[in-house]
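Structure file coords_35.tsv; described as TSV, C-alpha atoms.
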```tsv
chain	number	residue	atom	x	y	z
A	1	MET	CA	13.18	42.45	73.80
A	2	ALA	CA	11.31	39.16	74.18
A	3	SER	CA	12.84	36.10	72.55
A	4	SER	CA	11.44	32.63	72.12
A	5	GLU	CA	13.75	29.72	72.91
A	6	LEU	CA	14.14	27.24	70.06
A	7	PHE	CA	16.61	24.63	71.35
A	8	THR	CA	19.60	24.00	73.62
A	9	ILE	CA	22.80	22.07	72.88
A	10	PRO	CA	24.89	20.88	75.83
A	11	VAL	CA	28.65	21.43	75.91
A	12	PRO	CA	30.11	18.36	77.67
A	13	SER	CA	32.82	18.80	80.29
A	14	ILE	CA	36.37	18.05	79.21
A	15	LYS	CA	39.40	17.96	81.52
A	16	SER	CA	39.60	21.33	83.32
A	17	HIS	CA	36.56	22.73	81.52
A	18	PRO	CA	33.23	22.11	83.31
A	19	GLY	CA	31.10	22.33	80.18
A	20	GLY	CA	27.95	24.34	79.67
A	21	GLY	CA	25.51	24.88	76.84
A	22	ILE	CA	24.46	26.81	73.77
A	23	VAL	CA	20.92	28.20	73.72
A	24	CYS	CA	19.21	29.26	70.51
A	25	THR	CA	16.59	32.00	70.75
A	26	SER	CA	14.71	34.02	68.16
A	27	PRO	CA	14.21	37.74	68.96
A	28	ALA	CA	12.71	38.40	65.51
A	29	PRO	CA	11.39	36.25	62.65
A	30	GLN	CA	14.17	34.20	61.05
A	31	VAL	CA	16.82	35.68	63.35
A	32	TYR	CA	18.60	32.98	65.35
A	33	VAL	CA	20.73	33.98	68.35
A	34	LEU	CA	23.18	31.37	69.62
A	35	THR	CA	24.20	32.27	73.17
A	36	TRP	CA	26.99	30.13	74.54
A	37	ASN	CA	27.89	29.63	78.19
A	38	SER	CA	30.98	27.51	78.79
A	39	PRO	CA	32.73	28.73	81.96
A	40	PRO	CA	35.00	30.23	82.80
A	41	ASP	CA	35.71	31.98	79.48
A	42	ASN	CA	34.21	30.05	76.55
A	43	ARG	CA	37.37	28.32	75.36
A	44	LEU	CA	37.23	26.66	71.95
A	45	THR	CA	37.62	23.09	73.19
A	46	PRO	CA	36.74	20.08	71.02
A	47	ALA	CA	33.48	19.69	72.96
A	48	PHE	CA	32.55	23.35	72.53
A	49	ASN	CA	33.36	23.29	68.81
A	50	THR	CA	31.25	20.18	68.22
A	51	ALA	CA	28.31	21.68	70.09
A	52	LEU	CA	28.51	24.88	68.05
A	53	MET	CA	28.73	22.95	64.78
A	54	THR	CA	25.64	20.99	65.82
A	55	ALA	CA	23.74	24.20	66.55
A	56	LEU	CA	24.61	25.55	63.10
A	57	ASP	CA	23.41	22.31	61.50
A	58	ILE	CA	20.10	22.48	63.36
A	59	ILE	CA	19.47	26.03	62.16
A	60	GLU	CA	20.43	25.28	58.57
A	61	PHE	CA	18.43	22.09	58.20
A	62	GLY	CA	15.66	22.64	60.71
A	63	TYR	CA	14.58	26.25	60.26
A	64	PRO	CA	13.92	28.71	57.41
A	65	PRO	CA	16.96	30.66	56.15
A	66	GLY	CA	17.62	33.87	58.03
A	67	VAL	CA	20.45	35.36	60.05
A	68	VAL	CA	22.59	33.76	62.78
A	69	ILE	CA	23.90	35.87	65.65
A	70	THR	CA	26.41	34.48	68.15
A	71	THR	CA	27.12	35.90	71.59
A	72	SER	CA	28.02	34.85	75.12
A	73	ALA	CA	26.10	34.59	78.38
A	74	ILE	CA	29.36	35.32	80.22
A	75	SER	CA	29.55	39.11	80.28
A	76	LYS	CA	33.34	39.34	80.49
A	77	PHE	CA	34.15	37.00	77.59
A	78	TYR	CA	32.88	36.44	74.08
A	79	SER	CA	35.60	33.78	73.86
A	80	ASN	CA	39.10	33.62	75.28
A	81	GLY	CA	40.27	31.41	72.40
A	82	LEU	CA	41.98	28.06	72.68
A	83	ASP	CA	43.13	26.12	75.66
A	84	LEU	CA	46.52	25.78	73.99
A	85	GLN	CA	47.77	22.85	76.07
A	86	LEU	CA	44.53	20.95	75.49
A	87	ALA	CA	44.61	21.79	71.77
A	88	LEU	CA	48.18	20.60	71.33
A	89	SER	CA	47.52	17.41	73.31
A	90	SER	CA	44.34	16.53	71.41
A	91	PRO	CA	45.24	14.62	68.23
A	92	GLY	CA	43.74	16.21	65.14
A	93	PHE	CA	42.32	19.19	67.03
A	94	PHE	CA	43.19	21.80	64.43
A	95	GLU	CA	42.26	19.95	61.26
A	96	ASN	CA	39.27	18.04	62.70
A	97	SER	CA	37.75	20.53	65.13
A	98	LEU	CA	38.95	24.14	64.98
A	99	TYR	CA	39.43	24.64	61.25
A	100	PRO	CA	36.12	22.98	60.28
A	101	LEU	CA	34.36	25.35	62.71
A	102	PHE	CA	36.05	28.39	61.16
A	103	ARG	CA	35.21	27.11	57.68
A	104	ARG	CA	31.59	26.48	58.64
A	105	PHE	CA	31.12	30.09	59.66
A	106	LEU	CA	33.11	31.44	56.73
A	107	THR	CA	30.92	29.63	54.19
A	108	TYR	CA	27.65	29.39	56.16
A	109	PRO	CA	24.69	29.64	53.77
A	110	MET	CA	23.09	32.59	55.54
A	111	PRO	CA	24.44	35.82	57.08
A	112	THR	CA	26.25	35.55	60.42
A	113	ILE	CA	26.87	38.25	63.00
A	114	ALA	CA	29.27	37.98	65.94
A	115	MET	CA	27.84	40.06	68.81
A	116	ILE	CA	31.02	40.56	70.81
A	117	ASN	CA	29.91	41.19	74.38
A	118	GLY	CA	33.30	40.92	76.11
A	119	HIS	CA	36.90	39.97	75.44
A	120	GLY	CA	37.60	38.15	72.20
A	121	PHE	CA	41.22	37.06	72.37
A	122	ALA	CA	43.26	35.03	69.88
A	123	GLY	CA	41.05	32.14	68.68
A	124	GLY	CA	37.96	33.91	70.00
A	125	PHE	CA	38.70	36.91	67.79
A	126	MET	CA	39.45	34.58	64.89
A	127	LEU	CA	36.02	32.97	65.34
A	128	ALA	CA	34.37	36.41	65.25
A	129	MET	CA	36.29	37.35	62.10
A	130	HIS	CA	34.96	34.27	60.30
A	131	HIS	CA	31.46	35.75	60.71
A	132	ASP	CA	30.14	38.07	58.01
A	133	TYR	CA	29.51	40.99	60.37
A	134	ARG	CA	30.53	42.00	63.87
A	135	VAL	CA	28.77	44.14	66.48
A	136	PHE	CA	30.72	45.19	69.60
A	137	THR	CA	28.27	45.48	72.44
A	138	GLY	CA	29.71	48.26	74.50
A	139	ALA	CA	32.17	49.83	76.87
A	140	LYS	CA	33.89	46.70	78.19
A	141	GLY	CA	36.08	44.19	76.44
A	142	TYR	CA	38.83	44.06	73.86
A	143	VAL	CA	39.57	42.05	70.75
A	144	CYS	CA	43.14	41.15	69.99
A	145	ILE	CA	45.52	38.64	68.48
A	146	ASN	CA	47.92	38.15	71.37
A	147	GLU	CA	50.04	35.20	70.19
A	148	LEU	CA	53.05	37.50	70.45
A	149	GLU	CA	52.53	37.79	74.20
A	150	PHE	CA	52.54	34.05	74.91
A	151	GLY	CA	55.03	33.01	72.24
A	152	ALA	CA	52.78	31.02	69.93
A	153	PRO	CA	52.98	30.93	66.12
A	154	LEU	CA	50.11	32.25	64.04
A	155	LEU	CA	49.34	29.40	61.67
A	156	PRO	CA	48.33	30.19	58.05
A	157	PRO	CA	44.68	29.04	58.42
A	158	MET	CA	44.39	31.34	61.44
A	159	SER	CA	46.02	34.44	60.01
A	160	SER	CA	44.53	34.32	56.51
A	161	ILE	CA	41.16	35.73	57.56
A	162	PHE	CA	42.86	38.86	58.90
A	163	ARG	CA	44.85	39.33	55.71
A	164	ILE	CA	41.61	39.18	53.76
A	165	LYS	CA	39.34	41.26	56.01
A	166	ALA	CA	41.65	43.73	57.78
A	167	ALA	CA	43.56	46.65	56.29
A	168	PRO	CA	47.34	45.98	56.05
A	169	ARG	CA	48.14	48.62	58.68
A	170	VAL	CA	45.58	47.15	61.07
A	171	TYR	CA	46.86	43.62	60.44
A	172	ARG	CA	50.44	44.73	61.18
A	173	ASP	CA	49.50	46.44	64.44
A	174	MET	CA	47.28	43.55	65.45
A	175	VAL	CA	49.93	40.85	64.99
A	176	LEU	CA	53.28	42.55	65.58
A	177	GLU	CA	52.15	44.75	68.47
A	178	ALA	CA	49.40	42.52	69.89
A	179	ARG	CA	47.31	45.68	69.92
A	180	ARG	CA	44.05	45.53	71.83
A	181	TYR	CA	40.98	47.14	70.30
A	182	ASP	CA	38.05	48.33	72.36
A	183	ALA	CA	34.70	48.93	70.70
A	184	LYS	CA	35.50	52.39	69.33
A	185	ALA	CA	38.99	51.45	68.14
A	186	ALA	CA	37.62	48.29	66.49
A	187	LEU	CA	34.96	50.34	64.68
A	188	ASP	CA	37.53	52.91	63.55
A	189	ALA	CA	39.80	50.11	62.28
A	190	GLY	CA	36.97	48.50	60.32
A	191	LEU	CA	37.05	45.33	62.42
A	192	VAL	CA	33.42	45.68	63.49
A	193	ASP	CA	30.38	47.08	61.72
A	194	ALA	CA	28.50	48.62	64.63
A	195	ILE	CA	28.55	49.25	68.38
A	196	GLY	CA	25.55	48.39	70.52
A	197	GLU	CA	23.42	45.65	72.01
A	198	ILE	CA	20.94	43.31	70.30
A	199	ASP	CA	19.00	46.32	68.99
A	200	ALA	CA	22.09	47.39	67.02
A	201	ALA	CA	22.39	43.91	65.52
A	202	LEU	CA	18.71	43.89	64.58
A	203	LYS	CA	19.06	47.36	63.08
A	204	LEU	CA	21.99	46.17	60.97
A	205	ILE	CA	19.91	43.20	59.81
A	206	GLN	CA	17.00	45.44	58.87
A	207	GLU	CA	19.05	48.14	57.13
A	208	ARG	CA	20.91	45.59	55.02
A	209	ASP	CA	17.87	43.37	54.47
A	210	LEU	CA	19.94	40.40	55.64
A	211	VAL	CA	17.10	38.00	56.45
A	212	LYS	CA	16.43	37.45	52.75
A	213	LYS	CA	20.04	36.97	51.66
A	214	GLY	CA	20.20	33.22	52.27
A	215	SER	CA	16.93	32.39	50.52
A	216	THR	CA	18.33	31.79	47.01
A	217	GLY	CA	20.83	29.13	48.03
A	218	ALA	CA	23.82	31.02	46.65
A	219	TYR	CA	25.01	32.81	49.79
A	220	GLY	CA	27.43	30.17	51.06
A	221	ILE	CA	28.74	29.41	47.57
A	222	LEU	CA	29.46	33.09	46.97
A	223	LYS	CA	31.36	33.31	50.25
A	224	ALA	CA	33.40	30.21	49.44
A	225	GLU	CA	34.63	31.97	46.29
A	226	MET	CA	35.15	35.33	48.01
A	227	TYR	CA	37.36	33.74	50.65
A	228	ARG	CA	38.82	30.87	48.64
A	229	GLU	CA	42.39	31.51	49.86
A	230	SER	CA	41.30	31.07	53.45
A	231	VAL	CA	39.02	28.14	52.60
A	232	ALA	CA	41.94	26.35	50.91
A	233	LEU	CA	44.16	26.82	53.97
A	234	LEU	CA	41.42	25.63	56.32
A	235	ASP	CA	40.89	22.56	54.11
A	236	ALA	CA	44.60	21.70	53.73
A	237	ARG	CA	45.63	18.32	55.11
A	238	GLY	CA	48.76	16.18	55.18
A	239	LYS	CA	51.78	17.58	53.35
A	240	ASP	CA	49.76	20.63	52.27
A	241	ALA	CA	49.08	21.72	55.86
A	242	THR	CA	51.40	23.73	58.10
A	243	THR	CA	51.51	22.53	61.71
A	244	PRO	CA	52.99	24.17	64.84
A	245	ALA	CA	55.77	21.53	64.67
A	246	ASP	CA	56.55	22.55	61.07
A	247	MET	CA	56.88	26.21	62.05
A	248	GLN	CA	59.00	25.37	65.09
A	249	ALA	CA	61.28	23.16	62.98
A	250	ALA	CA	61.72	25.90	60.39
A	251	GLU	CA	62.54	28.42	63.10
A	252	LYS	CA	65.02	26.02	64.70
A	253	LYS	CA	66.72	25.54	61.32
A	254	ARG	CA	66.83	29.28	60.68
A	255	LYS	CA	68.44	29.93	64.07
A	256	ALA	CA	71.03	27.18	63.59
A	257	GLU	CA	72.05	28.52	60.18
A	258	GLY	CA	72.17	32.08	61.46
A	259	LEU	CA	74.23	31.10	64.50
A	260	LYS	CA	76.67	29.25	62.23
A	261	ARG	CA	77.19	32.34	60.07
A	262	PHE	CA	77.61	34.48	63.17
A	263	LYS	CA	80.32	32.17	64.57
A	264	GLN	CA	82.11	32.17	61.21
A	265	TRP	CA	82.04	35.96	61.15
A	266	LYS	CA	83.25	36.14	64.75
A	267	GLU	CA	86.20	33.90	63.92
A	268	THR	CA	87.23	36.19	61.05
A	269	GLN	CA	87.10	39.14	63.44
A	270	SER	CA	89.34	37.34	65.91
A	271	GLU	CA	91.82	36.52	63.14
A	272	LYS	CA	91.88	40.16	62.04
A	273	ALA	CA	92.56	41.27	65.60
A	274	LYS	CA	95.67	39.04	65.74
A	275	LEU	CA	97.23	40.69	62.70
```
Here is a file; write its structure as structure tokens.
Amino acid sequence: MASSELFTIPVPSIKSHPGGGIVCTSPAPQVYVLTWNSPPDNRLTPAFNTALMTALDIIEFGYPPGVVITTSAISKFYSNGLDLQLALSSPGFFENSLYPLFRRFLTYPMPTIAMINGHGFAGGFMLAMHHDYRVFTGAKGYVCINELEFGAPLLPPMSSIFRIKAAPRVYRDMVLEARRYDAKAALDAGLVDAIGEIDAALKLIQERDLVKKGSTGAYGILKAEMYRESVALLDARGKDATTPADMQAAEKKRKAEGLKRFKQWKETQSEKAKL
């Protein structure tokens, strides 16, 4: 299907990431497809997040309301999530880069569709879940929350969207088993709305009459109320925010107190054995 190119936003290189770009095309009237290409796997770096925020601003303020679709030019990856070392070493990354991006999609004033063309792991899956709809494009790729596998905490602003949008059973399996969902499993679990390529996304738009939904100016406001718990967590700053260090400190305290009780119990057992 022919698409006209509207604009391109560069993604600057940063440390081990060579950069790339985000291209906006329009395959149908008032349908805006943002295709990102940030090798090797579309990590959510500060540079990538800023470029994507800029693209969303251009569509909102430069074009008529319609529908935004996001996808990747890298066939294997929609997004492989964060570069965790870079994120933790970049001051203010979560509250000034990642969370504002999630919030922007969650409350964007027109419908958004994540067209998941390959793996969407951890932060990449979170980004997709902050869209209004999701279309899995085919036989390859998985979505998963795999923090369990690399020993990272799932911070409240990250997990809240799954509590809101996923069934409790699905949320449990996703987090505590790091279960991977292919297209069919994701559809069965209610994590995506359709399976297919761009035609499936356009069909979803047509069947639900999505192009018109942002025209009244209420769409983003309605979403902000629908998802207010998640919005509040994404907006939290200072003492109201939970950081990785806070969670690690709480876990360290829990272990110390538990170990103390265990040693006390063990001493009582030794004393009993002497009697």
Using all atoms listed in the file, which of A:Asp83, A:Glu251, A:Asp246, A:Asp132 sits nearest Pro46 (chain A)?
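Looking only at the distances to Pro46 (chain A), the closest residue turns out to be A:Asp83.
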Residues proximal to (36.8, 35.8, 55.6) were defined as those with any atom within 12 Å of that point in the file's coordinates, counting only C-alpha atoms. Which are they, as a PyMOL selection string?
chain A and resi 102-108+112+126-133+157-166+191+220+222-234
Expected file contents, prior selection, C-alpha atoms, as a PDB file, in the frame of the given file:
```
ATOM      1  CA  PHE A 102      36.050  28.390  61.160  1.00  0.00           C
ATOM      2  CA  ARG A 103      35.210  27.110  57.680  1.00  0.00           C
ATOM      3  CA  ARG A 104      31.590  26.480  58.640  1.00  0.00           C
ATOM      4  CA  PHE A 105      31.120  30.090  59.660  1.00  0.00           C
ATOM      5  CA  LEU A 106      33.110  31.440  56.730  1.00  0.00           C
ATOM      6  CA  THR A 107      30.920  29.630  54.190  1.00  0.00           C
ATOM      7  CA  TYR A 108      27.650  29.390  56.160  1.00  0.00           C
ATOM      8  CA  THR A 112      26.250  35.550  60.420  1.00  0.00           C
ATOM      9  CA  MET A 126      39.450  34.580  64.890  1.00  0.00           C
ATOM     10  CA  LEU A 127      36.020  32.970  65.340  1.00  0.00           C
ATOM     11  CA  ALA A 128      34.370  36.410  65.250  1.00  0.00           C
ATOM     12  CA  MET A 129      36.290  37.350  62.100  1.00  0.00           C
ATOM     13  CA  HIS A 130      34.960  34.270  60.300  1.00  0.00           C
ATOM     14  CA  HIS A 131      31.460  35.750  60.710  1.00  0.00           C
ATOM     15  CA  ASP A 132      30.140  38.070  58.010  1.00  0.00           C
ATOM     16  CA  TYR A 133      29.510  40.990  60.370  1.00  0.00           C
ATOM     17  CA  PRO A 157      44.680  29.040  58.420  1.00  0.00           C
ATOM     18  CA  MET A 158      44.390  31.340  61.440  1.00  0.00           C
ATOM     19  CA  SER A 159      46.020  34.440  60.010  1.00  0.00           C
ATOM     20  CA  SER A 160      44.530  34.320  56.510  1.00  0.00           C
ATOM     21  CA  ILE A 161      41.160  35.730  57.560  1.00  0.00           C
ATOM     22  CA  PHE A 162      42.860  38.860  58.900  1.00  0.00           C
ATOM     23  CA  ARG A 163      44.850  39.330  55.710  1.00  0.00           C
ATOM     24  CA  ILE A 164      41.610  39.180  53.760  1.00  0.00           C
ATOM     25  CA  LYS A 165      39.340  41.260  56.010  1.00  0.00           C
ATOM     26  CA  ALA A 166      41.650  43.730  57.780  1.00  0.00           C
ATOM     27  CA  LEU A 191      37.050  45.330  62.420  1.00  0.00           C
ATOM     28  CA  GLY A 220      27.430  30.170  51.060  1.00  0.00           C
ATOM     29  CA  LEU A 222      29.460  33.090  46.970  1.00  0.00           C
ATOM     30  CA  LYS A 223      31.360  33.310  50.250  1.00  0.00           C
ATOM     31  CA  ALA A 224      33.400  30.210  49.440  1.00  0.00           C
ATOM     32  CA  GLU A 225      34.630  31.970  46.290  1.00  0.00           C
ATOM     33  CA  MET A 226      35.150  35.330  48.010  1.00  0.00           C
ATOM     34  CA  TYR A 227      37.360  33.740  50.650  1.00  0.00           C
ATOM     35  CA  ARG A 228      38.820  30.870  48.640  1.00  0.00           C
ATOM     36  CA  GLU A 229      42.390  31.510  49.860  1.00  0.00           C
ATOM     37  CA  SER A 230      41.300  31.070  53.450  1.00  0.00           C
ATOM     38  CA  VAL A 231      39.020  28.140  52.600  1.00  0.00           C
ATOM     39  CA  ALA A 232      41.940  26.350  50.910  1.00  0.00           C
ATOM     40  CA  LEU A 233      44.160  26.820  53.970  1.00  0.00           C
ATOM     41  CA  LEU A 234      41.420  25.630  56.320  1.00  0.00           C
TER      42      LEU A 234
END
```
Considering only C-alpha atoms, return as a PDB file with C-alpha atoms, in the frame of the given file whatever protein or nucleic-acid residues lie within 8 Å of Gly19 (chain A), sequence-local ones (same chain, fewer than 2 positions apart) excluded.
```pdb
ATOM      1  CA  PRO A  10      24.890  20.880  75.830  1.00  0.00           C
ATOM      2  CA  VAL A  11      28.650  21.430  75.910  1.00  0.00           C
ATOM      3  CA  PRO A  12      30.110  18.360  77.670  1.00  0.00           C
ATOM      4  CA  SER A  13      32.820  18.800  80.290  1.00  0.00           C
ATOM      5  CA  ILE A  14      36.370  18.050  79.210  1.00  0.00           C
ATOM      6  CA  HIS A  17      36.560  22.730  81.520  1.00  0.00           C
ATOM      7  CA  GLY A  21      25.510  24.880  76.840  1.00  0.00           C
ATOM      8  CA  SER A  38      30.980  27.510  78.790  1.00  0.00           C
ATOM      9  CA  PRO A  39      32.730  28.730  81.960  1.00  0.00           C
ATOM     10  CA  PHE A  48      32.550  23.350  72.530  1.00  0.00           C
TER      11      PHE A  48
END
```
Nearest candidate to Lys76 (chain A) (options A:Phe61, A:Tyr142, A:Phe93, A:Tyr99; using all atoms listed in the file):
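When distances to Lys76 (chain A) are compared using all atoms listed in the file, the smallest one comes from A:Tyr142.
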Which polymer residues have any atom within 9 Å of an atom of Met115 (chain A), counting all atoms listed in the file, with same-chain residues fewer than 6 positions away left out, as a PyMOL selection string?
chain A and resi 69-72+78+128+133-137+196-198+201
Using only C-alpha atoms, find the one residue out of A:Ala218, A:Leu44, A:Ile9, A:Leu84 that sits nearest to Pro109 (chain A).
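Distance minimum relative to Pro109 (chain A) lands on A:Ala218.
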Return the single residue from A:Val175, A:Val23, A:Phe262, A:Asn117 that is closest to Thr35 (chain A), with distances computed using all atoms listed in the file.
A:Val23
Calculated over all atoms listed in the file, which of the candidates A:Leu101, A:Ala114, A:Val31, A:Leu210 has the smallest distance to Thr50 (chain A)?
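Result for the nearest residue to Thr50 (chain A): A:Leu101.
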What separation in Å, quoted to one decimal, exists between CA of His119 (chain A) and CA of Val143 (chain A)?
5.8 Å
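Distance check against Leu204 (chain A) using only C-alpha atoms: of A:Thr216, A:Arg169, A:Pro111, A:Gly118, the minimum falls on A:Pro111.
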Work out how far apart CA of Asn96 (chain A) and CA of Ala122 (chain A) are and give it in Å to one decimal.
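It comes out at 18.9 Å.
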Report the distance between CA of Leu187 (chain A) and CA of Phe125 (chain A) in Å, rounded to one decimal place.
14.3 Å
When you look at Leu82 (chain A) with a cut-off of 10 Å (counting all atoms listed in the file), what residues show up, excluding the ones that are within fewer than 6 positions of it in the same chain? I need them as a PyMOL selection string.
chain A and resi 42-46+88+98+121-124
